Amino acid sequence: MGRLLFFDSRLSTDESISCASCHNPEQAFVDNEVTSRGIGGKKGTRNTPTVINAALQPYQFWDGRASSLEDQALFPLENPVEMGASISRIVDRLNQLPHYRDAFRRVFGAPVTRENLAQALASFERTVLAGDSAYDQYAAGNPTALSPKAVEGMKLFKGKAHCRLCHQGDTFSDGLFHNLGVGWNGSGFADEGRKALTGIVKDRGAFKTPTLRQVAQTAPYMHDGSLPSLEAVVDFYDRGGNSNPHLDPLMQPLRLTRQEKEALVEFMRSLSGTVSFYR
């Protein structure tokens, strides 16, 4: 049921877009746009994050405003720049459709409500997982799964390039928030990130560490989509990000050689594997 809802444009106020319009399974559950496009062609201010492995993240959205997929699920529906819907209107719309009304009664023992709508969407999103990449095969004991250049890049990732400090674990994300200086214009940020939610000054310009699973397919990068390629991302980190009053202390110039940058990108490409989801 959650899968049907995810692909159903009737969840938007004008029935023009669905969750899958921005989170396209054929594009690693992103839209490859700089910033997302909603109803009436309205442009948002943030790049679409992938749904892949979102169930393994402690927070959702770039600013972490939701702590569960259930909390996350309805935000895009209600956002006037995204799907622009009134949840009560969408609930009424779905309850007027016999296949949804009957399905919700079978599963939840009740008609469609705000709560079980969120539960259904979140249940589908939990099935969206990635694995069995060349890196996973190498880590499982296949020494030929990675090219020599990718192996060099893996060593840089864990060492000199300091990527592993934030891109940790099987999800390649610590799930936390860091100020890299993305969007700093010399005097402020167009998007203050986590600070807009917490009000804490040190959260100014901080955004969640994204997963690197399928990262070669999810360009452009950063919360504002300002970096078009993995090569541009590596160059950004190599120079230590953009200096600003609250720059994360982990951001330091790396002084990578051209060959090291190429190896690092090669390794990140090896993190693309099989994406599975309920069909």
# chains A, B, ... in the order shown; residues from 1 in each chain; ligands from 1
>>> residues_around(residues="His246 (chain A)", least_positions_apart="4", cutoff="8 Å", atoms="only C-alpha atoms", output="ChimeraX atom specification")
/A:179,202-205
>>> write_last_selection(atoms="C-alpha atoms", output="PDB file, in the first residue's frame")
ATOM      1  CA  ASN A 179      29.085  23.089   8.711  1.00  0.00           C
ATOM      2  CA  LYS A 202      26.853  26.673  16.393  1.00  0.00           C
ATOM      3  CA  ASP A 203      24.324  24.885  14.147  1.00  0.00           C
ATOM      4  CA  ARG A 204      24.443  27.734  11.646  1.00  0.00           C
ATOM      5  CA  GLY A 205      25.185  26.355   8.196  1.00  0.00           C
TER       6      GLY A 205
END
>>> select_by_dssp(residues="region 40-187 of chain A", states="helix (DSSP H, G or I)", output="ChimeraX atom specification")
/A:40-41,54-56,69-73,75-78,87-95,98-108,114-125,134-139,148-158,163-165
>>> residues_around(residues="region 140-147 of chain A", least_positions_apart="4", cutoff="9 Å", atoms="only C-alpha atoms", output="ChimeraX atom specification")
/A:133-136,151-152,266-267,270
>>> closest_residue(among="A:Arg279, A:Leu212, A:Lys149, A:Phe236", to="Gln259 (chain A)", atoms="only C-alpha atoms")
A:Lys149
>>> closest_residue(among="A:Gly241, A:Pro76, A:Pro253, A:Gly193", to="Ala118 (chain A)", atoms="only C-alpha atoms")
A:Pro76
>>> residues_around(residues="Lys42 (chain A)", least_positions_apart="3", cutoff="8 Å", atoms="only C-alpha atoms", output="PyMOL selection string")
chain A and resi 37-39+81-82
>>> write_last_selection(atoms="N, CA and C atoms", output="short mmCIF file (atom, residue, chain, number, x, y, z; two decimals), in the first residue's frame")
data_model
loop_
_atom_site.label_atom_id
_atom_site.label_comp_id
_atom_site.auth_asym_id
_atom_site.auth_seq_id
_atom_site.Cartn_x
_atom_site.Cartn_y
_atom_site.Cartn_z
N ARG A 37 11.80 20.26 -7.74
CA ARG A 37 10.72 21.00 -8.40
C ARG A 37 9.38 20.43 -7.93
N GLY A 38 8.49 21.32 -7.46
CA GLY A 38 7.21 20.89 -6.93
C GLY A 38 6.05 21.24 -7.83
N ILE A 39 4.86 21.38 -7.24
CA ILE A 39 3.65 21.68 -8.01
C ILE A 39 3.80 23.02 -8.73
N VAL A 81 5.68 24.40 -1.53
CA VAL A 81 6.57 24.42 -2.69
C VAL A 81 6.75 23.01 -3.27
N GLU A 82 6.38 22.00 -2.51
CA GLU A 82 6.54 20.62 -2.99
C GLU A 82 5.20 20.08 -3.50
#
>>> residues_around(residues="Gly159 (chain A)", least_positions_apart="4", cutoff="12 Å", atoms="only C-alpha atoms", output="NGL selection string")
:A and (152-155 or 163-165 or 254 or 256 or 260 or 264)
>>> write_last_selection(atoms="C-alpha atoms", output="CSV table (one decimal), in the first residue's frame")
chain,number,residue,atom,x,y,z
A,152,GLU,CA,44.2,3.3,-3.1
A,153,GLY,CA,41.1,5.5,-2.9
A,154,MET,CA,39.7,3.4,0.0
A,155,LYS,CA,43.0,3.9,1.9
A,163,CYS,CA,36.3,11.1,4.8
A,164,ARG,CA,35.7,8.3,7.3
A,165,LEU,CA,35.4,10.8,10.2
A,254,LEU,CA,43.9,17.9,2.5
A,256,LEU,CA,45.7,15.8,-2.2
A,260,GLU,CA,44.9,10.8,-5.1
A,264,LEU,CA,39.2,8.8,-4.2
>>> residues_around(residues="Phe61 (chain A)", least_positions_apart="5", cutoff="9 Å", atoms="only C-alpha atoms", output="number ranges by chain")
A: 49, 66, 72, 207-208
>>> write_last_selection(atoms="N, CA and C atoms", output="compact mmCIF listing (two decimals), in the first residue's frame")
# COMPACT_ATOMS: atom_id res chain seq x y z
N PRO A 49 17.42 14.64 -1.29
CA PRO A 49 18.25 13.55 -0.75
C PRO A 49 17.67 12.20 -1.16
N ALA A 66 12.97 15.69 11.27
CA ALA A 66 12.16 14.51 11.59
C ALA A 66 13.08 13.42 12.13
N GLN A 72 8.72 12.02 8.88
CA GLN A 72 9.16 12.61 7.62
C GLN A 72 8.09 12.57 6.54
N PHE A 207 24.48 20.89 8.08
CA PHE A 207 23.54 19.99 7.41
C PHE A 207 23.96 18.55 7.65
N LYS A 208 23.01 17.65 7.47
CA LYS A 208 23.25 16.24 7.76
C LYS A 208 24.24 15.61 6.77
>>> closest_residue(among="A:Arg10, A:His178, A:Arg101, A:Lys261", to="Asp235 (chain A)", atoms="only C-alpha atoms")
A:Lys261
